[in-house]
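Quick look at upload-v4.cif (mmCIF, C-alpha atoms):
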```cif
data_structure
#
loop_
_atom_site.label_atom_id
_atom_site.label_comp_id
_atom_site.auth_asym_id
_atom_site.auth_seq_id
_atom_site.Cartn_x
_atom_site.Cartn_y
_atom_site.Cartn_z
CA MET A 1 -19.51 -20.10 55.32
CA ASN A 2 -21.18 -16.71 55.55
CA TYR A 3 -20.19 -15.00 52.30
CA SER A 4 -21.73 -11.75 53.49
CA LEU A 5 -19.25 -11.67 56.38
CA LEU A 6 -16.33 -12.42 54.07
CA TYR A 7 -17.43 -9.62 51.77
CA LYS A 8 -17.63 -7.13 54.67
CA ILE A 9 -14.12 -8.08 55.78
CA SER A 10 -12.91 -7.59 52.18
CA ILE A 11 -14.45 -4.10 52.06
CA SER A 12 -12.84 -3.21 55.40
CA LEU A 13 -9.41 -4.23 54.10
CA LEU A 14 -9.99 -2.27 50.89
CA LEU A 15 -11.01 0.88 52.77
CA ALA A 16 -8.10 0.53 55.17
CA ARG A 17 -5.76 1.05 52.16
CA TRP A 18 -8.06 3.10 50.00
CA LYS A 19 -5.29 5.03 48.25
CA GLN A 20 -3.64 1.86 46.95
CA THR A 21 -7.06 0.46 46.09
CA LEU A 22 -7.87 3.62 44.16
CA VAL A 23 -4.59 3.38 42.23
CA ALA A 24 -5.35 -0.23 41.26
CA ALA A 25 -8.92 0.62 40.21
CA VAL A 26 -7.71 3.61 38.16
CA GLY A 27 -5.21 1.31 36.42
CA VAL A 28 -7.98 -1.09 35.44
CA THR A 29 -10.26 1.80 34.41
CA PHE A 30 -7.60 3.36 32.21
CA SER A 31 -6.79 0.01 30.59
CA ILE A 32 -10.43 -0.77 29.77
CA THR A 33 -11.02 2.80 28.55
CA MET A 34 -8.12 2.64 26.12
CA PHE A 35 -9.04 -0.92 25.11
CA ILE A 36 -12.59 0.11 24.14
CA ALA A 37 -11.54 3.36 22.47
CA LEU A 38 -8.69 1.71 20.56
CA LEU A 39 -10.78 -1.20 19.30
CA GLY A 40 -13.67 1.06 18.30
CA PHE A 41 -11.41 3.47 16.43
CA MET A 42 -9.27 0.80 14.71
CA ASN A 43 -12.29 -1.21 13.58
CA GLY A 44 -14.06 1.96 12.47
CA LEU A 45 -10.98 2.75 10.41
CA ASN A 46 -11.08 -0.77 8.97
CA ASP A 47 -14.72 -0.28 7.99
CA LEU A 48 -13.85 3.01 6.31
CA LEU A 49 -10.90 1.65 4.34
CA ASP A 50 -12.67 -1.56 3.35
CA GLY A 51 -15.77 0.39 2.39
CA LEU A 52 -13.80 2.41 -0.14
CA ILE A 53 -13.15 -0.80 -2.06
CA LEU A 54 -15.37 -3.60 -0.83
CA ASN A 55 -18.63 -1.64 -0.89
CA ARG A 56 -17.91 -0.73 -4.51
CA THR A 57 -16.95 -4.29 -5.46
CA PRO A 58 -19.47 -6.97 -6.45
CA HIS A 59 -19.45 -10.18 -4.45
CA VAL A 60 -19.32 -12.10 -7.73
CA ARG A 61 -18.43 -10.73 -11.16
CA LEU A 62 -19.21 -12.62 -14.37
CA TYR A 63 -17.33 -11.74 -17.56
CA ASN A 64 -15.98 -13.27 -20.76
CA GLU A 65 -12.31 -13.98 -20.16
CA ILE A 66 -9.91 -13.57 -23.07
CA GLU A 67 -7.85 -16.75 -23.23
CA VAL A 68 -5.20 -18.27 -25.44
CA ASN A 69 -6.56 -20.69 -28.03
CA GLN A 70 -5.74 -24.18 -26.80
CA HIS A 71 -6.11 -25.72 -30.29
CA GLN A 72 -2.93 -24.80 -32.15
CA PRO A 73 -2.42 -25.99 -35.78
CA ILE A 74 0.82 -27.79 -34.99
CA ASN A 75 -1.00 -30.11 -32.59
CA SER A 76 -3.28 -31.22 -35.42
CA ASN A 77 -0.34 -32.34 -37.58
CA GLU A 78 0.23 -36.11 -37.29
CA GLU A 79 3.97 -35.62 -37.71
CA PHE A 80 4.18 -33.69 -34.42
CA SER A 81 1.44 -35.48 -32.48
CA ILE A 82 3.80 -37.96 -30.79
CA GLY A 83 5.68 -35.50 -28.57
CA HIS A 84 4.84 -32.34 -26.64
CA ASN A 85 5.00 -29.09 -28.58
CA PHE A 86 6.28 -25.94 -26.87
CA ILE A 87 4.94 -22.78 -28.50
CA ASN A 88 6.19 -19.33 -27.50
CA SER A 89 4.49 -15.93 -27.88
CA VAL A 90 1.03 -17.35 -28.47
CA ARG A 91 -1.45 -14.52 -29.03
CA PRO A 92 -4.92 -14.57 -27.47
CA ALA A 93 -7.64 -15.56 -29.88
CA ARG A 94 -10.09 -12.93 -31.03
CA SER A 95 -13.06 -13.51 -28.77
CA ARG A 96 -16.26 -11.73 -27.98
CA GLN A 97 -16.10 -9.67 -24.77
CA ALA A 98 -19.88 -9.55 -24.45
CA ILE A 99 -21.60 -12.25 -22.40
CA TYR A 100 -23.71 -14.64 -24.46
CA ASN A 101 -27.43 -15.05 -23.71
CA ILE A 102 -27.44 -12.09 -21.35
CA GLU A 103 -31.21 -11.95 -20.79
CA PRO A 104 -31.67 -15.61 -19.68
CA ILE A 105 -28.58 -15.33 -17.46
CA LEU A 106 -29.89 -12.19 -15.74
CA ARG A 107 -33.28 -13.81 -15.12
CA ALA A 108 -31.69 -16.95 -13.69
CA ILE A 109 -29.49 -14.92 -11.33
CA GLU A 110 -32.36 -12.71 -10.16
CA ASN A 111 -34.40 -15.83 -9.30
CA ASP A 112 -31.60 -17.24 -7.14
CA ASN A 113 -32.58 -16.94 -3.46
CA ARG A 114 -28.94 -16.34 -2.48
CA VAL A 115 -28.73 -13.18 -4.59
CA LEU A 116 -29.47 -9.76 -3.12
CA GLY A 117 -29.27 -7.91 -6.42
CA VAL A 118 -27.66 -7.85 -9.85
CA ALA A 119 -26.31 -4.95 -11.92
CA PRO A 120 -25.19 -5.27 -15.56
CA LYS A 121 -22.19 -3.23 -16.65
CA ILE A 122 -20.13 -2.39 -19.73
CA ASP A 123 -16.41 -1.54 -19.68
CA ALA A 124 -15.42 0.69 -22.59
CA GLN A 125 -11.91 2.00 -23.16
CA VAL A 126 -11.93 5.46 -24.77
CA PHE A 127 -9.75 8.53 -25.24
CA PHE A 128 -10.78 11.85 -23.70
CA ASN A 129 -9.74 14.78 -25.84
CA GLY A 130 -7.76 17.31 -23.84
CA GLY A 131 -6.84 19.83 -26.50
CA THR A 132 -3.72 18.63 -28.29
CA ILE A 133 -3.53 15.33 -26.38
CA ASP A 134 -5.82 12.37 -25.75
CA ILE A 135 -6.13 10.99 -22.22
CA THR A 136 -6.81 7.29 -21.90
CA GLY A 137 -9.81 6.50 -19.73
CA ILE A 138 -12.64 4.08 -19.05
CA ILE A 139 -16.37 4.62 -19.42
CA ASN A 140 -18.40 2.36 -17.16
CA GLY A 141 -21.82 1.76 -18.64
CA ILE A 142 -24.14 1.17 -15.70
CA ASP A 143 -27.75 0.84 -14.68
CA ALA A 144 -27.86 3.89 -12.41
CA ALA A 145 -30.68 2.60 -10.18
CA ALA A 146 -29.02 -0.80 -9.61
CA GLU A 147 -25.58 0.76 -9.13
CA GLY A 148 -26.93 3.20 -6.56
CA LYS A 149 -28.83 0.52 -4.63
CA LEU A 150 -26.14 -2.16 -4.55
CA PHE A 151 -22.90 -0.16 -4.57
CA HIS A 152 -23.89 3.23 -3.06
CA PHE A 153 -22.77 5.03 -6.21
CA GLY A 154 -24.77 8.12 -5.28
CA ASP A 155 -22.65 8.63 -2.13
CA TYR A 156 -19.58 9.28 -4.28
CA VAL A 157 -21.16 11.75 -6.71
CA THR A 158 -20.12 15.07 -5.19
CA ILE A 159 -21.62 17.35 -7.85
CA GLY A 160 -24.85 16.61 -9.70
CA SER A 161 -27.07 13.54 -9.44
CA PHE A 162 -26.07 10.05 -10.55
CA GLN A 163 -29.58 9.46 -11.92
CA ASP A 164 -29.13 12.20 -14.53
CA ILE A 165 -27.21 9.84 -16.83
CA GLU A 166 -30.43 7.83 -17.27
CA VAL A 167 -32.57 10.92 -17.86
CA MET A 168 -30.31 12.80 -20.25
CA SER A 169 -29.05 11.05 -23.38
CA ASN A 170 -25.37 11.35 -24.29
CA SER A 171 -24.44 12.38 -20.76
CA ILE A 172 -21.55 11.34 -18.55
CA ILE A 173 -20.25 11.59 -14.97
CA LEU A 174 -16.48 12.14 -14.75
CA GLY A 175 -14.06 11.36 -11.96
CA LYS A 176 -12.95 14.58 -10.28
CA GLY A 177 -9.29 13.90 -11.07
CA LEU A 178 -10.10 13.33 -14.75
CA ALA A 179 -12.18 16.53 -14.92
CA GLU A 180 -9.29 18.50 -13.40
CA LYS A 181 -6.88 17.07 -15.98
CA LEU A 182 -9.25 18.08 -18.79
CA LEU A 183 -9.97 21.50 -17.19
CA ILE A 184 -13.73 21.03 -17.54
CA ASN A 185 -16.69 21.01 -15.15
CA VAL A 186 -20.38 20.13 -14.91
CA GLY A 187 -22.34 21.54 -17.84
CA ASP A 188 -19.39 21.39 -20.23
CA VAL A 189 -19.12 19.04 -23.20
CA VAL A 190 -16.29 16.52 -23.40
CA GLN A 191 -15.05 14.99 -26.65
CA ILE A 192 -14.22 11.28 -26.63
CA ALA A 193 -12.86 8.89 -29.22
CA THR A 194 -13.06 5.11 -29.37
CA PRO A 195 -10.11 2.88 -30.37
CA GLN A 196 -11.91 2.41 -33.71
CA GLY A 197 -11.67 6.15 -34.37
CA GLU A 198 -15.31 7.10 -33.75
CA ARG A 199 -15.79 10.46 -31.99
CA PHE A 200 -18.64 11.52 -29.72
CA SER A 201 -19.63 14.56 -27.69
CA LEU A 202 -20.98 13.92 -24.18
CA LYS A 203 -22.40 16.44 -21.72
CA ILE A 204 -20.99 16.33 -18.18
CA VAL A 205 -23.86 16.07 -15.66
CA GLY A 206 -21.85 15.21 -12.54
CA LEU A 207 -18.50 14.57 -10.87
CA PHE A 208 -17.66 11.69 -8.58
CA GLN A 209 -14.88 11.12 -6.08
CA SER A 210 -14.16 7.61 -4.84
CA GLY A 211 -11.30 8.45 -2.47
CA ILE A 212 -8.73 6.69 -4.69
CA GLN A 213 -7.01 9.38 -6.76
CA GLU A 214 -5.65 7.12 -9.49
CA PHE A 215 -9.12 5.67 -9.99
CA ASP A 216 -10.70 9.12 -10.24
CA LYS A 217 -8.19 10.19 -12.92
CA THR A 218 -9.29 7.52 -15.41
CA GLN A 219 -12.87 6.48 -14.62
CA SER A 220 -16.19 7.85 -15.78
CA TYR A 221 -19.80 6.64 -15.82
CA ALA A 222 -22.56 6.72 -18.42
CA SER A 223 -25.80 4.85 -18.92
CA ILE A 224 -25.74 1.42 -20.56
CA LYS A 225 -27.61 2.80 -23.62
CA THR A 226 -25.12 5.64 -24.08
CA THR A 227 -22.16 3.28 -23.76
CA GLN A 228 -23.67 0.83 -26.26
CA LYS A 229 -24.16 3.72 -28.69
CA ILE A 230 -20.54 4.82 -28.26
CA LEU A 231 -19.28 1.31 -28.97
CA GLY A 232 -21.73 0.78 -31.82
CA LYS A 233 -23.23 -2.29 -30.16
CA GLY A 234 -26.75 -3.64 -29.81
CA THR A 235 -28.98 -3.50 -26.75
CA ASN A 236 -27.88 -6.98 -25.62
CA TYR A 237 -24.20 -5.99 -25.36
CA ILE A 238 -23.08 -6.42 -21.72
CA THR A 239 -19.49 -7.21 -20.69
CA ASN A 240 -19.93 -7.70 -16.92
CA ILE A 241 -22.61 -8.92 -14.55
CA GLN A 242 -22.14 -7.64 -10.99
CA ILE A 243 -23.79 -9.69 -8.26
CA LYS A 244 -24.38 -8.87 -4.60
CA LEU A 245 -25.18 -11.83 -2.34
CA LYS A 246 -27.12 -11.95 0.90
CA ASP A 247 -24.20 -13.82 2.48
CA ILE A 248 -20.77 -12.67 1.25
CA SER A 249 -19.12 -15.88 2.50
CA LEU A 250 -20.92 -17.80 -0.28
CA ALA A 251 -19.14 -15.80 -3.00
CA PRO A 252 -16.43 -18.40 -3.87
CA VAL A 253 -19.00 -21.20 -4.12
CA VAL A 254 -21.47 -19.14 -6.15
CA ALA A 255 -18.72 -17.89 -8.49
CA LYS A 256 -17.57 -21.41 -9.25
CA GLU A 257 -21.15 -22.59 -9.76
CA TYR A 258 -22.07 -19.72 -12.10
CA SER A 259 -18.86 -20.11 -14.08
CA GLN A 260 -19.72 -23.71 -14.90
CA LEU A 261 -23.42 -23.05 -15.41
CA PHE A 262 -23.13 -20.00 -17.70
CA GLN A 263 -19.75 -20.84 -19.29
CA THR A 264 -18.23 -17.49 -18.34
CA GLY A 265 -15.33 -16.26 -16.28
CA ALA A 266 -16.19 -15.59 -12.62
CA GLU A 267 -14.34 -13.72 -9.88
CA ASP A 268 -15.37 -13.65 -6.23
CA ILE A 269 -14.71 -10.76 -3.85
CA GLN A 270 -12.44 -12.80 -1.58
CA THR A 271 -10.07 -13.48 -4.46
CA ALA A 272 -10.25 -9.97 -5.90
CA ASN A 273 -9.64 -8.17 -2.58
CA SER A 274 -7.67 -10.62 -0.44
CA GLN A 275 -5.06 -7.96 0.37
CA PHE A 276 -7.66 -5.69 1.98
CA GLU A 277 -8.96 -8.50 4.19
CA THR A 278 -5.39 -9.25 5.25
CA GLY A 279 -4.79 -5.59 6.11
CA SER A 280 -8.00 -5.42 8.17
CA PHE A 281 -7.06 -8.58 10.06
CA VAL A 282 -3.57 -7.26 10.88
CA ARG A 283 -4.88 -3.90 12.09
CA SER A 284 -7.49 -5.60 14.29
CA LEU A 285 -4.87 -7.98 15.66
CA ILE A 286 -2.60 -5.08 16.60
CA SER A 287 -5.41 -3.24 18.40
CA TYR A 288 -6.39 -6.37 20.35
CA ALA A 289 -2.75 -7.02 21.28
CA VAL A 290 -2.22 -3.47 22.55
CA GLY A 291 -5.48 -3.51 24.54
CA ILE A 292 -4.76 -6.87 26.17
CA THR A 293 -1.22 -5.71 27.01
CA LEU A 294 -2.69 -2.73 28.87
CA LEU A 295 -4.92 -5.07 30.89
CA ILE A 296 -2.02 -7.35 31.77
CA VAL A 297 0.05 -4.37 32.94
CA ALA A 298 -2.87 -3.28 35.14
CA GLY A 299 -3.02 -6.85 36.49
CA PHE A 300 0.61 -6.65 37.64
CA GLY A 301 -0.24 -3.44 39.48
CA ILE A 302 -3.08 -5.18 41.32
CA TYR A 303 -0.78 -8.12 42.11
CA ASN A 304 1.82 -5.81 43.68
CA ILE A 305 -0.80 -3.95 45.72
CA LEU A 306 -2.34 -7.17 47.08
CA ASN A 307 1.11 -8.55 47.86
CA MET A 308 1.94 -5.45 49.92
CA MET A 309 -1.46 -5.65 51.60
CA ILE A 310 -0.76 -9.21 52.71
CA TYR A 311 2.57 -8.28 54.27
CA GLU A 312 1.02 -5.31 56.07
CA LYS A 313 -2.03 -7.31 57.21
CA MET A 314 -0.25 -10.36 58.55
CA ASP A 315 -1.60 -9.60 62.03
CA SER A 316 -5.16 -9.37 60.75
CA ILE A 317 -4.79 -12.59 58.78
CA ALA A 318 -3.37 -14.38 61.82
CA ILE A 319 -6.26 -13.16 63.99
CA LEU A 320 -8.80 -14.30 61.38
CA LYS A 321 -7.31 -17.77 61.23
CA ALA A 322 -6.93 -17.94 65.02
CA THR A 323 -10.64 -17.10 65.46
CA GLY A 324 -11.80 -19.93 63.20
CA PHE A 325 -11.45 -18.68 59.64
CA SER A 326 -9.93 -21.36 57.42
CA GLY A 327 -7.30 -20.90 54.74
CA VAL A 328 -10.04 -21.18 52.12
CA ASP A 329 -11.93 -18.31 53.79
CA VAL A 330 -8.84 -16.10 53.75
CA ASN A 331 -8.26 -17.05 50.12
CA ARG A 332 -11.82 -15.97 49.28
CA ILE A 333 -11.40 -12.65 51.08
CA PHE A 334 -8.47 -11.63 48.91
CA ILE A 335 -10.15 -12.94 45.76
CA PHE A 336 -13.14 -10.75 46.69
CA ILE A 337 -10.75 -7.80 47.01
CA ALA A 338 -9.24 -8.43 43.57
CA LEU A 339 -12.61 -8.94 41.87
CA SER A 340 -14.04 -5.83 43.54
CA ILE A 341 -11.22 -3.80 42.01
CA GLY A 342 -11.76 -5.52 38.66
CA ILE A 343 -15.54 -5.02 38.59
CA SER A 344 -15.53 -1.39 39.73
CA GLY A 345 -12.58 -0.44 37.51
CA GLY A 346 -13.98 -2.44 34.58
CA LEU A 347 -17.46 -0.87 34.68
CA LEU A 348 -16.00 2.62 34.93
CA GLY A 349 -13.65 1.73 32.07
CA LEU A 350 -16.57 0.70 29.87
CA LEU A 351 -18.33 3.98 30.60
CA PHE A 352 -15.27 6.14 29.97
CA GLY A 353 -14.39 4.05 26.90
CA PHE A 354 -17.82 4.77 25.44
CA LEU A 355 -17.46 8.48 26.21
CA VAL A 356 -13.99 8.62 24.63
CA SER A 357 -15.36 6.83 21.54
CA LEU A 358 -18.14 9.41 21.33
CA GLY A 359 -15.54 12.16 21.57
CA ILE A 360 -13.46 10.65 18.75
CA ASP A 361 -16.60 10.27 16.66
CA GLN A 362 -17.24 14.02 16.93
CA ILE A 363 -13.76 15.17 15.86
CA PRO A 364 -13.98 16.69 12.35
CA PHE A 365 -12.12 14.75 9.68
CA GLU A 366 -12.57 16.47 6.37
CA THR A 367 -10.32 15.73 3.44
CA ALA A 368 -10.75 16.33 -0.27
CA SER A 369 -9.96 12.68 -1.05
CA LEU A 370 -12.82 11.36 1.13
CA PRO A 371 -15.85 13.57 0.57
CA THR A 372 -18.28 11.19 2.29
CA VAL A 373 -16.32 11.20 5.59
CA LYS A 374 -17.00 14.08 7.97
CA THR A 375 -15.67 12.79 11.32
CA TYR A 376 -13.21 10.14 12.48
CA PRO A 377 -14.77 6.68 12.11
CA VAL A 378 -15.66 4.65 15.22
CA ARG A 379 -17.41 1.30 15.44
CA TYR A 380 -19.69 0.74 18.44
CA ASP A 381 -19.84 -3.00 19.02
CA ILE A 382 -21.21 -4.61 22.19
CA PHE A 383 -18.74 -7.44 21.57
CA PHE A 384 -15.83 -5.10 22.40
CA TYR A 385 -17.42 -4.17 25.72
CA GLY A 386 -17.98 -7.83 26.57
CA ILE A 387 -14.35 -8.65 25.83
CA GLY A 388 -13.14 -5.68 27.90
CA LEU A 389 -15.20 -6.61 30.96
CA THR A 390 -14.28 -10.30 30.68
CA PHE A 391 -10.56 -9.57 30.45
CA SER A 392 -10.73 -7.13 33.37
CA LEU A 393 -12.29 -9.84 35.56
CA VAL A 394 -9.92 -12.56 34.38
CA THR A 395 -6.85 -10.34 34.77
CA THR A 396 -7.74 -9.13 38.24
CA PHE A 397 -8.73 -12.65 39.33
CA MET A 398 -5.35 -14.03 38.23
CA ALA A 399 -3.58 -11.06 39.85
CA GLY A 400 -5.35 -11.77 43.15
CA LEU A 401 -5.09 -15.57 43.03
CA PHE A 402 -1.40 -15.91 43.92
CA PRO A 403 -1.42 -13.38 46.81
CA ALA A 404 -4.63 -15.01 48.07
CA ASN A 405 -3.02 -18.45 48.08
CA LYS A 406 -0.05 -17.01 49.96
CA ALA A 407 -2.38 -15.43 52.55
CA SER A 408 -4.29 -18.68 53.01
CA LYS A 409 -1.05 -20.48 54.03
CA VAL A 410 -0.10 -18.02 56.79
CA ASP A 411 0.49 -19.82 60.10
CA PRO A 412 -1.14 -17.71 62.87
CA VAL A 413 1.05 -19.27 65.56
CA ILE A 414 4.27 -18.09 63.92
CA ILE A 415 2.88 -14.58 63.40
CA ILE A 416 1.59 -14.22 66.99
CA ARG A 417 4.75 -15.72 68.48
CA GLY A 418 6.87 -13.27 66.50
CA LYS A 419 4.88 -10.40 67.98
#
```

Would you write out, as structure tokens, the structure that this file holds?
Amino acid sequence: MNYSLLYKISISLLLARWKQTLVAAVGVTFSITMFIALLGFMNGLNDLLDGLILNRTPHVRLYNEIEVNQHQPINSNEEFSIGHNFINSVRPARSRQAIYNIEPILRAIENDNRVLGVAPKIDAQVFFNGGTIDITGIINGIDAAAEGKLFHFGDYVTIGSFQDIEVMSNSIILGKGLAEKLLINVGDVVQIATPQGERFSLKIVGLFQSGIQEFDKTQSYASIKTTQKILGKGTNYITNIQIKLKDISLAPVVAKEYSQLFQTGAEDIQTANSQFETGSFVRSLISYAVGITLLIVAGFGIYNILNMMIYEKMDSIAILKATGFSGVDVNRIFIFIALSIGISGGLLGLLFGFLVSLGIDQIPFETASLPTVKTYPVRYDIFFYGIGLTFSLVTTFMAGLFPANKASKVDPVIIIRGK
């Protein structure tokens, strides 16, 4: 069969009812436009929200876990060794928070081909003096260069430079919320006290803002050397090892392996932030569901238009079949009509979807809680455009299939006799 002829007939039928054809194409275009814009915006929002936590979280964290002593004195007594002893209110044993053999462990991790980078860290609980009261807070002792490279720490320092804590001794970077509570700013000196009663004076060289207010009200950052001095510890005192992997999916396996190898506690990012992954999945699922619903609604519009076209073109269909066109040929003509609407509307939808995404990406979005965000987030992913075009073709094909089958079964004798 001459497909060129069938295509010309399809175009003639489309142009004969160009207003209805235009309405169907606009429906597909609008659906694809909203599908692309919605997916891009929702996934951009996911990236933003996940980045606030996941980009600041190591893929694997090694630490010394404080555990209850499993060897209780009563279990060593022969008199009570026969049965099972239930012991209430067991206190954790005094254990060292620092990781043993820190230097060999760091070298072994750095030589692992799966590891992108490693950053040692110290967690120190202190009290910030705010006049007549002491505010509980945390000093994170970090390697500024490693923290900036692996966890983008510099992006969250809104005033000052994060590298100053390595240059200036006895210096600190405070969370903005904590600085506001203490009524101090960059250049001022803050008084801190350790749980052991030692007091220190630290100069504020910067403020950071993570986007999580409760975090910013308690957290601060200093160099590892300064934190070790505050705690009165040696240069090998490290409480956490933060690891970034080349492939984040390997985190559970690597955490389990390192825990057994180095005899430390280990936490992977999937376990630590499972709620954020669930939230991202749900938001993406909702955006996909809404977009696909729009396409299905557009498909019903095409179905109705083709159905009406068949009833109005019964004479033309009868003439085609009477002049030698088979039912399969008529079926193909109406499939061509449906796919033509789907292709033209889909391509225009991709274009307008991209333009709408660009427009959203330029809308100012400035908030004090998110200093690194200037405009609304949008993700540009070719995968979204592929899904949109595929669904537009599938939807319009299914919408045209049933009317096309009905047209292919028209009996030209009955139609001509009725006339």

Using the chain letters and numbers from the file, which residues does the PyMOL selection byres ((chain A and resi 209) around 12) grab, as a PyMOL selection string? chain A and resi 52+153-160+173-180+206-208+210-221+367-373

Pull out every residue that the PyMOL selection byres ((chain A and resi 182) around 12) matches in the shown coordinates and put them as JSON, numbers by chain. {"A": [127, 128, 129, 130, 131, 132, 133, 134, 135, 136, 137, 174, 175, 176, 177, 178, 179, 180, 181, 183, 184, 185, 186, 188, 189, 190, 191, 192, 204, 217, 218]}

Do you have the CA of Arg379 in chain A-CA of Gly40 in chain A distance handy? 4.7 Å

Evaluate the PyMOL selection byres ((chain A and resi 56) around 12) on the structure here and hand back the selected residues as a ChimeraX atom specification. /A:49-55,57-60,119,147-156,210-212,242-244,269,273

Taking (-23.7, -12.2, -0.8) as a centre in this file's frame and 7 Å as the limit, can you find every polymer residue with an atom that close, using all atoms listed in the file, and give them as a list of chain:residue names? A:His59, A:Arg114, A:Val115, A:Leu116, A:Lys244, A:Leu245, A:Lys246, A:Asp247, A:Ile248, A:Ser249, A:Leu250, A:Ala251
